[in-house]
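Undergrad: Here you go, my_file_8.cif (mmCIF, C-alpha atoms and all ligand atoms):
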data_structure
loop_
_atom_site.label_atom_id
_atom_site.label_comp_id
_atom_site.auth_asym_id
_atom_site.auth_seq_id
_atom_site.Cartn_x
_atom_site.Cartn_y
_atom_site.Cartn_z
CA MET A 1 111.20 159.47 87.79
CA THR A 2 112.44 157.84 90.99
CA ILE A 3 115.89 156.59 91.91
CA VAL A 4 115.61 153.34 93.84
CA GLU A 5 117.87 150.80 95.50
CA PRO A 6 118.01 147.36 93.84
CA THR A 7 115.77 145.56 96.34
CA PRO A 8 113.98 142.39 95.12
CA GLU A 9 110.71 144.40 94.93
CA MET A 10 112.33 147.13 92.81
CA ILE A 11 113.99 144.61 90.52
CA ALA A 12 110.60 142.96 89.94
CA HIS A 13 109.09 146.42 89.37
CA ALA A 14 111.81 147.30 86.84
CA GLY A 15 111.10 144.02 85.01
CA ASP A 16 107.36 144.83 84.89
CA LEU A 17 108.00 148.33 83.57
CA LEU A 18 110.30 146.97 80.85
CA ILE A 19 107.89 144.33 79.65
CA ASP A 20 105.15 147.00 79.54
CA GLY A 21 107.21 149.22 77.21
CA GLY A 22 108.87 151.38 79.88
CA VAL A 23 112.37 152.85 79.92
CA VAL A 24 114.53 152.14 82.97
CA VAL A 25 118.08 153.22 83.79
CA ILE A 26 120.00 150.15 84.92
CA PRO A 27 123.53 149.71 86.28
CA THR A 28 125.98 147.48 84.40
CA GLU A 29 129.63 146.71 85.15
CA THR A 30 130.70 149.08 82.32
CA VAL A 31 128.41 152.13 82.38
CA TYR A 32 124.74 152.79 83.21
CA GLY A 33 122.32 151.77 80.45
CA LEU A 34 119.04 153.25 79.20
CA ALA A 35 117.08 150.01 79.04
CA CYS A 36 113.94 148.92 77.20
CA ASN A 37 112.45 145.77 75.67
CA ALA A 38 114.59 145.20 72.55
CA MET A 39 111.64 143.56 70.75
CA ASP A 40 109.24 146.50 71.36
CA GLU A 41 109.58 149.05 68.56
CA ASP A 42 107.79 151.84 70.40
CA ALA A 43 109.92 151.43 73.51
CA VAL A 44 113.08 151.41 71.38
CA ARG A 45 111.95 154.59 69.61
CA ARG A 46 111.46 156.23 73.00
CA VAL A 47 115.05 155.36 73.96
CA PHE A 48 116.38 156.96 70.76
CA GLU A 49 114.29 160.05 71.49
CA ILE A 50 115.38 160.37 75.12
CA LYS A 51 119.05 160.16 74.14
CA GLY A 52 118.69 162.37 71.06
CA ARG A 53 120.44 159.59 69.17
CA PRO A 54 120.33 159.30 65.35
CA ALA A 55 118.10 156.41 64.23
CA GLU A 56 120.89 154.71 62.27
CA ASN A 57 123.04 154.19 65.39
CA PRO A 58 122.19 150.65 66.58
CA LEU A 59 121.64 149.54 70.18
CA ILE A 60 123.26 146.66 72.05
CA VAL A 61 120.86 143.86 73.00
CA HIS A 62 121.51 142.59 76.54
CA LEU A 63 120.75 138.97 77.38
CA SER A 64 120.63 137.09 80.66
CA GLU A 65 122.51 134.07 79.28
CA ALA A 66 124.46 133.03 76.20
CA GLU A 67 121.79 130.57 74.95
CA GLN A 68 119.50 133.56 74.36
CA MET A 69 121.71 134.51 71.40
CA GLU A 70 119.56 132.08 69.43
CA ASP A 71 116.47 134.23 70.08
CA VAL A 72 118.01 137.31 68.48
CA ALA A 73 120.67 136.11 66.02
CA VAL A 74 121.10 133.60 63.17
CA ASP A 75 124.14 131.83 61.67
CA ILE A 76 125.95 132.14 65.00
CA PRO A 77 129.59 131.14 64.38
CA ASP A 78 131.43 128.75 66.72
CA LEU A 79 133.70 131.61 67.65
CA ALA A 80 130.75 133.44 69.22
CA TRP A 81 130.08 130.50 71.54
CA LYS A 82 133.76 130.29 72.37
CA LEU A 83 134.00 133.98 73.23
CA ALA A 84 130.74 133.80 75.19
CA ALA A 85 132.06 130.89 77.23
CA ARG A 86 135.21 132.84 78.06
CA TYR A 87 133.92 136.40 78.58
CA TRP A 88 130.24 136.26 79.51
CA PRO A 89 128.87 137.50 81.71
CA GLY A 90 131.15 140.46 81.08
CA PRO A 91 132.14 143.53 79.06
CA LEU A 92 132.31 142.00 75.56
CA THR A 93 129.72 142.79 72.86
CA MET A 94 129.55 140.63 69.73
CA VAL A 95 128.04 141.70 66.42
CA LEU A 96 126.17 138.80 64.78
CA ARG A 97 123.60 138.34 62.00
CA ARG A 98 120.22 139.72 63.10
CA GLY A 99 117.43 137.25 63.84
CA PRO A 100 114.07 137.99 62.14
CA GLU A 101 112.29 138.76 65.43
CA VAL A 102 114.51 141.70 66.30
CA PRO A 103 112.97 144.93 65.01
CA LYS A 104 115.16 146.91 62.63
CA VAL A 105 114.71 150.05 64.74
CA THR A 106 116.76 148.29 67.42
CA THR A 107 119.63 147.58 65.02
CA GLY A 108 119.54 150.97 63.32
CA GLY A 109 118.29 149.33 60.13
CA LEU A 110 121.23 146.90 59.95
CA GLU A 111 121.05 143.17 59.20
CA THR A 112 123.34 142.60 62.17
CA VAL A 113 122.69 142.72 65.90
CA ALA A 114 125.06 143.48 68.79
CA VAL A 115 124.64 141.28 71.88
CA ARG A 116 126.14 140.92 75.33
CA VAL A 117 125.44 139.32 78.71
CA PRO A 118 126.34 141.90 81.36
CA ALA A 119 128.09 140.83 84.56
CA HIS A 120 126.49 143.29 86.98
CA VAL A 121 124.22 141.22 89.20
CA VAL A 122 121.51 143.90 89.22
CA ALA A 123 121.51 144.12 85.41
CA ARG A 124 121.18 140.36 85.11
CA GLU A 125 118.39 140.18 87.67
CA ILE A 126 116.47 142.92 85.88
CA ILE A 127 116.87 141.22 82.48
CA GLU A 128 115.70 137.95 84.00
CA ALA A 129 112.74 139.67 85.68
CA ALA A 130 111.74 141.26 82.37
CA GLY A 131 112.11 137.91 80.59
CA CYS A 132 112.98 139.53 77.26
CA PRO A 133 116.13 140.78 75.52
CA ILE A 134 116.93 144.30 76.71
CA ALA A 135 118.23 147.03 74.43
CA ALA A 136 120.39 149.47 76.36
CA PRO A 137 122.63 152.21 75.04
CA SER A 138 124.74 154.10 77.56
CA ALA A 139 122.44 156.35 79.62
CA ASN A 140 123.90 159.66 78.41
CA VAL A 141 122.64 162.28 76.01
CA PHE A 142 124.05 161.54 72.51
CA MET A 143 127.81 162.32 72.29
CA GLY A 144 128.10 163.05 76.02
CA LEU A 145 129.94 161.21 78.78
CA SER A 146 128.47 157.86 79.80
CA PRO A 147 127.34 157.84 83.44
CA THR A 148 129.27 155.50 85.72
CA ASN A 149 127.30 156.47 88.83
CA ALA A 150 123.59 157.16 89.39
CA PHE A 151 124.48 160.72 90.48
CA ASP A 152 126.29 161.41 87.17
CA LEU A 153 123.03 161.00 85.20
CA ASP A 154 122.04 164.07 83.19
CA PRO A 155 118.84 165.87 84.29
CA GLU A 156 117.55 165.58 80.68
CA ILE A 157 117.72 161.80 80.99
CA LEU A 158 116.26 161.71 84.50
CA VAL A 159 113.08 163.60 83.60
CA ASP A 160 112.20 161.25 80.75
CA VAL A 161 112.68 157.78 82.22
CA ASP A 162 110.25 155.69 84.26
CA LEU A 163 112.71 154.45 86.88
CA VAL A 164 116.39 154.59 87.81
CA VAL A 165 117.90 151.61 89.61
CA ASP A 166 121.02 152.65 91.53
CA GLY A 167 123.61 149.89 91.51
CA GLY A 168 126.55 151.95 92.81
CA PRO A 169 129.68 152.88 90.85
CA CYS A 170 130.42 150.82 87.72
CA GLU A 171 133.38 148.46 88.04
CA TYR A 172 134.98 149.16 84.61
CA GLY A 173 133.74 152.68 83.87
CA LEU A 174 134.33 152.36 80.09
CA GLU A 175 131.93 150.77 77.62
CA SER A 176 132.24 147.16 76.50
CA THR A 177 134.59 145.99 73.77
CA VAL A 178 132.60 145.58 70.53
CA ILE A 179 133.78 142.82 68.19
CA ASP A 180 132.29 142.14 64.76
CA LEU A 181 131.96 138.42 63.95
CA THR A 182 129.99 138.79 60.73
CA GLU A 183 132.96 138.98 58.36
CA GLU A 184 135.77 136.63 57.46
CA THR A 185 138.20 138.25 59.92
CA PRO A 186 136.78 139.27 63.31
CA ARG A 187 137.35 142.94 64.02
CA ILE A 188 137.27 145.22 67.02
CA LEU A 189 134.80 148.04 66.35
CA ARG A 190 135.23 149.65 69.76
CA PRO A 191 138.08 148.91 72.17
CA GLY A 192 136.97 148.30 75.73
CA ALA A 193 137.58 146.41 78.93
CA VAL A 194 138.41 143.12 77.19
CA SER A 195 141.67 143.80 75.35
CA ARG A 196 142.53 143.00 71.75
CA GLY A 197 145.58 141.01 72.90
CA GLU A 198 143.49 138.79 75.18
CA ILE A 199 141.02 137.96 72.41
CA GLN A 200 143.80 137.36 69.88
CA SER A 201 145.53 134.88 72.15
CA LEU A 202 142.24 133.08 72.81
CA ILE A 203 141.38 132.68 69.13
CA GLY A 204 144.96 132.27 67.94
CA ARG A 205 144.92 134.82 65.12
CA PRO A 206 145.16 138.58 64.73
CA LEU A 207 142.00 140.69 64.81
CA GLY A 208 141.25 143.23 62.11
CA HIS A 209 141.02 146.98 62.61
CA MET A 210 138.15 148.98 61.30
CA PRO A 211 139.06 151.06 58.25
CA PRO A 212 138.03 154.65 59.07
CA GLU A 213 135.92 155.03 55.92
CA GLU A 214 133.61 152.24 57.01
CA VAL A 215 131.14 154.38 58.89
CA ARG A 216 128.11 152.26 58.05
CA LYS A 217 129.46 149.18 59.80
CA SER A 218 129.45 150.74 63.25
CA PRO A 219 127.55 153.97 63.08
CA GLY A 220 128.48 154.64 66.70
CA MET A 221 132.11 155.21 65.78
CA TYR A 222 131.81 158.97 65.36
CA ARG A 223 135.05 160.82 65.60
CA ARG A 224 133.85 163.00 68.47
CA HIS A 225 132.04 161.16 71.23
CA TYR A 226 132.21 160.60 74.99
CA ALA A 227 132.88 164.30 75.40
CA PRO A 228 132.15 166.77 78.19
CA SER A 229 130.87 170.24 77.19
CA SER A 230 134.20 171.96 77.89
CA PRO A 231 136.85 171.23 75.23
CA VAL A 232 139.33 168.51 76.18
CA ARG A 233 143.00 168.86 75.20
CA LEU A 234 145.65 166.18 75.50
CA VAL A 235 149.05 167.41 76.74
CA ASP A 236 152.35 165.51 76.90
CA ARG A 237 153.46 167.13 80.17
CA GLY A 238 152.35 167.64 83.75
CA LEU A 239 149.80 170.35 84.61
CA GLN A 240 150.64 173.81 85.87
CA ALA A 241 149.09 174.95 89.13
CA ASP A 242 146.43 177.13 87.48
CA GLU A 243 145.38 174.58 84.85
CA VAL A 244 142.23 172.47 84.99
CA GLY A 245 142.46 168.78 84.21
CA LEU A 246 143.58 165.23 84.82
CA THR A 247 147.13 164.56 85.93
CA PHE A 248 149.36 161.73 87.06
CA GLY A 249 151.11 164.07 89.48
CA ALA A 250 149.74 165.46 92.72
CA ALA A 251 146.60 167.59 92.31
CA GLN A 252 147.55 171.22 92.91
CA SER A 253 143.99 172.51 93.29
CA GLU A 254 140.43 171.22 93.41
CA LEU A 255 140.36 171.76 89.63
CA GLN A 256 142.84 168.93 89.10
CA VAL A 257 142.22 165.22 89.54
CA LYS A 258 145.08 162.83 90.24
CA MET A 259 144.55 159.78 88.02
CA PRO A 260 145.59 156.17 88.71
CA LYS A 261 148.67 154.83 86.87
CA ASP A 262 147.00 151.48 86.23
CA ALA A 263 145.01 151.43 82.96
CA ARG A 264 141.98 149.62 84.34
CA ALA A 265 141.77 151.81 87.44
CA TYR A 266 142.17 154.89 85.21
CA GLY A 267 139.30 153.77 82.96
CA ALA A 268 137.08 153.17 85.96
CA VAL A 269 137.26 156.82 87.08
CA LEU A 270 137.83 158.65 83.76
CA TYR A 271 134.24 159.68 82.95
CA SER A 272 133.35 160.70 86.49
CA ALA A 273 136.57 162.76 86.76
CA LEU A 274 135.83 164.57 83.46
CA LYS A 275 132.24 165.11 84.57
CA GLN A 276 133.31 166.54 87.92
CA LEU A 277 135.60 169.10 86.23
CA ASP A 278 133.09 169.85 83.46
CA LEU A 279 130.54 170.97 86.07
CA ARG A 280 132.86 173.90 86.91
CA LYS A 281 132.58 174.99 83.25
CA PRO A 282 136.31 175.53 82.63
CA LYS A 283 137.57 177.01 79.33
CA ALA A 284 139.38 173.74 78.69
CA ILE A 285 140.09 170.45 80.44
CA LEU A 286 143.71 169.37 79.96
CA VAL A 287 144.52 165.68 80.12
CA GLU A 288 148.07 164.54 80.71
CA GLU A 289 148.66 161.81 78.10
CA PRO A 290 148.66 158.27 79.47
CA PRO A 291 151.34 155.71 78.47
CA GLU A 292 151.19 154.02 75.04
CA GLY A 293 150.94 150.36 76.15
CA ALA A 294 148.36 147.93 74.72
CA GLU A 295 146.40 147.93 77.98
CA TRP A 296 145.70 151.64 77.45
CA GLU A 297 143.95 151.17 74.05
CA ALA A 298 140.41 151.74 75.35
CA VAL A 299 141.45 154.77 77.43
CA TRP A 300 143.26 156.31 74.43
CA ASP A 301 140.22 155.67 72.21
CA ARG A 302 137.94 157.56 74.63
CA LEU A 303 140.45 160.39 75.18
CA ARG A 304 140.87 160.86 71.42
CA LYS A 305 137.12 160.99 70.95
CA ALA A 306 136.62 163.34 73.90
CA SER A 307 139.25 165.70 72.49
CA ALA A 308 138.22 165.56 68.81
CA ASN A 309 137.00 168.83 67.32
CA LEU A 310 133.37 169.02 66.27
CA LEU A 311 134.42 170.28 62.86
O1 LIG B 401 129.21 148.77 77.88
C1 LIG B 401 128.33 148.93 77.03
O2 LIG B 401 128.38 148.39 75.91
C2 LIG B 401 127.14 149.83 77.41
C3 LIG B 401 126.32 149.13 78.49
C4 LIG B 401 125.06 149.87 78.85
O3 LIG B 401 126.07 147.80 78.11
N1 LIG B 401 126.33 150.12 76.26
C5 LIG B 401 126.76 150.94 75.27
O4 LIG B 401 125.85 151.13 74.28
O5 LIG B 401 127.86 151.47 75.27
P1 LIG B 401 125.95 152.29 73.19
O6 LIG B 401 124.67 152.23 72.46
O7 LIG B 401 126.28 153.57 73.86
O8 LIG B 401 127.11 151.84 72.24
C6 LIG B 401 126.90 150.71 71.40
C7 LIG B 401 127.98 150.63 70.37
C8 LIG B 401 127.90 151.75 69.36
O9 LIG B 401 129.22 152.15 69.00
C9 LIG B 401 127.17 151.08 68.19
O10 LIG B 401 127.43 151.70 66.96
C10 LIG B 401 127.75 149.67 68.27
O11 LIG B 401 127.84 149.40 69.66
N2 LIG B 401 126.82 148.72 67.65
C11 LIG B 401 125.62 148.32 68.10
N3 LIG B 401 125.03 147.47 67.24
C12 LIG B 401 125.88 147.33 66.21
C13 LIG B 401 125.84 146.59 64.99
N4 LIG B 401 124.80 145.84 64.65
N5 LIG B 401 126.92 146.68 64.16
C14 LIG B 401 127.97 147.44 64.48
N6 LIG B 401 128.06 148.18 65.62
C15 LIG B 401 127.03 148.12 66.47
MG MG B 402 127.22 155.31 74.24
#
Would you kindly transcribe this structure into structure tokens?

TA:
Amino acid sequence: MTIVEPTPEMIAHAGDLLIDGGVVVIPTETVYGLACNAMDEDAVRRVFEIKGRPAENPLIVHLSEAEQMEDVAVDIPDLAWKLAARYWPGPLTMVLRRGPEVPKVTTGGLETVAVRVPAHVVAREIIEAAGCPIAAPSANVFMGLSPTNAFDLDPEILVDVDLVVDGGPCEYGLESTVIDLTEETPRILRPGAVSRGEIQSLIGRPLGHMPPEEVRKSPGMYRRHYAPSSPVRLVDRGLQADEVGLTFGAAQSELQVKMPKDARAYGAVLYSALKQLDLRKPKAILVEEPPEGAEWEAVWDRLRKASANLL
């Protein structure tokens, strides 16, 4: 495996590798992705293997432009075109009815397919160079923290991939918002950079929530996820000097990280801050609870999942 800068030669090389069935780590504006040709069953199987991800957990298919939805989905509702026009390229993933050409391994056996057009210029250039839809889960080992920097990539991932394209730190740092458009009422399956409130005001009606028992609909919604190896605990107070964790106050040691008070800025550094502390193998990482406001929904979702018990 080699880590390369996104020069025009390397982007062309990444495209060639992808079309030949390779697996390439690519930067996106949310998190780094473990990319392969979404239409190539063997390549998709390799991605599942590298991540150690259960086969029923579907991948997001990345496109270079909205029109490509027609290559991978059927019965596309008007709302999908409306959302695409407003948010693409960008951190919104839409679940649609799967087109017949998309292998079922890619969609975890589902009759639906998740699609998005990423905004990161390097991601888009690589997808264009490959000339095919690109399946890309976050480039972490299953259940771990998604990498938001090339240097946060796990060694287990690095040894198994054909190429890593370094696109610098990710702008958002949290995964895309996933919205399901296959039912009567559109629903958010995973909160993310595009907020529920924004989408609701664009479409002029409330969005549904996912009932917790509906595991099959979004198999990626495990209770524990996005977690470092040290246990994470949420606390509704500031940190003491000898505690390890994330705080809104001043850091009192190198085992504390002062977090931004703005939700978007917080999300952008959350995973790398947890990763940095996790490397010191503390007994626990304490996280001072963020505010409750709507703009913190995605951050709260990730913190709850990072702090959920395995049992
Ligand atoms: O920001 C992102 O979305 C990043 C970058 C690389 O684009 N990708 C990402 O992929 O987070 P992944 O595989 O780590 O998460 C995809 C999520 C999972 O929760 C999965 O269950 C859900 O999307 N998903 C994918 N296809 C689905 C489908 N057909 N129906 C319901 N949920 C789906
Ligand atoms: Mg993931």

Undergrad: With 5 Å added on each side, what axis-aligned box encloses every listed atom of region 19-23 of chain A? Give the centre and edge lengths in Å to one decimal, as lines of an AutoDock Vina configuration file.

TA:
center_x = 108.8
center_y = 148.6
center_z = 78.6
size_x = 17.2
size_y = 18.5
size_z = 12.7

Undergrad: Residues at most 7 Å from ligand MG 402 (chain B), using only C-alpha atoms and all ligand atoms? Could they come as a ChimeraX atom specification?

TA: /A:137-138,140,146

Undergrad: Extract, using only C-alpha atoms, all DNA, RNA and protein residues at most 8 Å from region 295-298 of chain A, discarding same-chain residues fewer than 6 positions from it, and format them as a PDB file with C-alpha atoms, in the coordinates of the input.

TA:
ATOM      1  CA  LEU A 174     134.330 152.360  80.090  1.00  0.00           C
ATOM      2  CA  ARG A 190     135.230 149.650  69.760  1.00  0.00           C
ATOM      3  CA  PRO A 191     138.080 148.910  72.170  1.00  0.00           C
ATOM      4  CA  GLY A 192     136.970 148.300  75.730  1.00  0.00           C
ATOM      5  CA  ALA A 193     137.580 146.410  78.930  1.00  0.00           C
ATOM      6  CA  SER A 195     141.670 143.800  75.350  1.00  0.00           C
ATOM      7  CA  ALA A 263     145.010 151.430  82.960  1.00  0.00           C
ATOM      8  CA  ARG A 264     141.980 149.620  84.340  1.00  0.00           C
ATOM      9  CA  GLY A 267     139.300 153.770  82.960  1.00  0.00           C
TER      10      GLY A 267
END

Undergrad: Name the closest residue to ligand LIG 401 (chain B) among the candidates A:Lys104, A:Arg196, A:Lys82, A:Arg233; distances are taken between atoms, counting only C-alpha atoms and all ligand atoms.

TA: A:Lys104

Undergrad: Nearest residue to Tyr172 (chain A) out of A:Val115, A:Met94, A:Val269, A:Leu279, using all atoms listed in the file?

TA: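 The shortest atom-to-atom distance to Tyr172 (chain A) comes from A:Val269.
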
Undergrad: What is the atom C12 of ligand LIG 401 (chain B) to CA of Glu29 (chain A) distance in Å?

TA: 19.3 Å

Undergrad: For the atom pair atom C4 of ligand LIG 401 (chain B) and CA of Ala136 (chain A), what is the interatomic distance in Å to one decimal place?

TA: 5.3 Å

Undergrad: What's around Asp166 (chain A) at 8 Å? Count all atoms listed in the file, leave out sequence neighbours fewer than 6 positions away in its own chain, and write the answer as number ranges by chain.

TA: A: 3-6, 26-27, 149-150

Undergrad: Which of these, A:Gly21, A:Pro282, A:Pro147, A:Pro58, has the shortest distance to Val232 (chain A) once you count only C-alpha atoms?

TA: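 That would be A:Pro282, the residue with the smallest distance to Val232 (chain A).
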
Undergrad: If we draw a sphere of 8 Å around (128.7, 169.2, 72.3), which residues have at least one atom in it when counting all atoms listed in the file? Please report them as JSON, numbers by chain.

TA: {"A": [143, 144, 227, 228, 229, 310]}

Undergrad: With all atoms listed in the file as the basis for distance, which of A:Asp154, A:Glu175, A:Asp40, A:Asp78 is at the shortest distance from ligand LIG 401 (chain B)?

TA: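 Closest to ligand LIG 401 (chain B), using all atoms listed in the file: A:Glu175.
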
Undergrad: Using all atoms listed in the file, which residues sit within 10 Å of Glu70 (chain A) once same-chain residues fewer than 5 positions away are excluded, as a PDB file with C-alpha atoms, in the coordinates of the input?

TA:
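Output saved as selection.pdb:
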ATOM      1  CA  ASP A  75     124.140 131.830  61.670  1.00  0.00           C
ATOM      2  CA  ILE A  76     125.950 132.140  65.000  1.00  0.00           C
ATOM      3  CA  ARG A  98     120.220 139.720  63.100  1.00  0.00           C
ATOM      4  CA  GLY A  99     117.430 137.250  63.840  1.00  0.00           C
TER       5      GLY A  99
END

Undergrad: Work out how far atom C4 of ligand LIG 401 (chain B) is from CA of Tyr32 (chain A), in Å to one decimal.

TA: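 Spanning CA of Tyr32 (chain A) to atom C4 of ligand LIG 401 (chain B) is a straight-line distance of 5.3 Å.
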
Undergrad: Between A:Asp162, A:Glu67, A:Glu156, A:Asp236, which residue has the minimum interatomic distance to Leu17 (chain A), considering all atoms listed in the file?

TA: A:Asp162

Undergrad: Considering all atoms listed in the file, state which residue in the set A:Ala306, A:Ala241, A:Leu79, A:Val47 is at the smallest distance from ligand LIG 401 (chain B).

TA: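 Of A:Ala306, A:Ala241, A:Leu79, A:Val47, the one nearest ligand LIG 401 (chain B), counting all atoms listed in the file, is A:Val47.
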
Undergrad: If we count only C-alpha atoms and set the cut-off at 9 Å, which residues sit around Asn37 (chain A), ignoring sequence neighbours fewer than 3 positions away in its own chain? Please answer as an MDAnalysis selection string.

TA: chainID A and resid 18:23 40:41 43:44 130 132:136

Undergrad: Would you mind listing what lies within 10 Å of Val141 (chain A) as a list of chain:residue names, with all atoms listed in the file counted and same-chain residues fewer than 5 positions away left out?

TA: A:Phe48, A:Glu49, A:Ile50, A:Lys51, A:Gly52, A:Arg53, A:Ser146, A:Pro147, A:Leu153, A:Asp154, A:Pro155, A:Glu156, A:Ile157, A:Tyr226
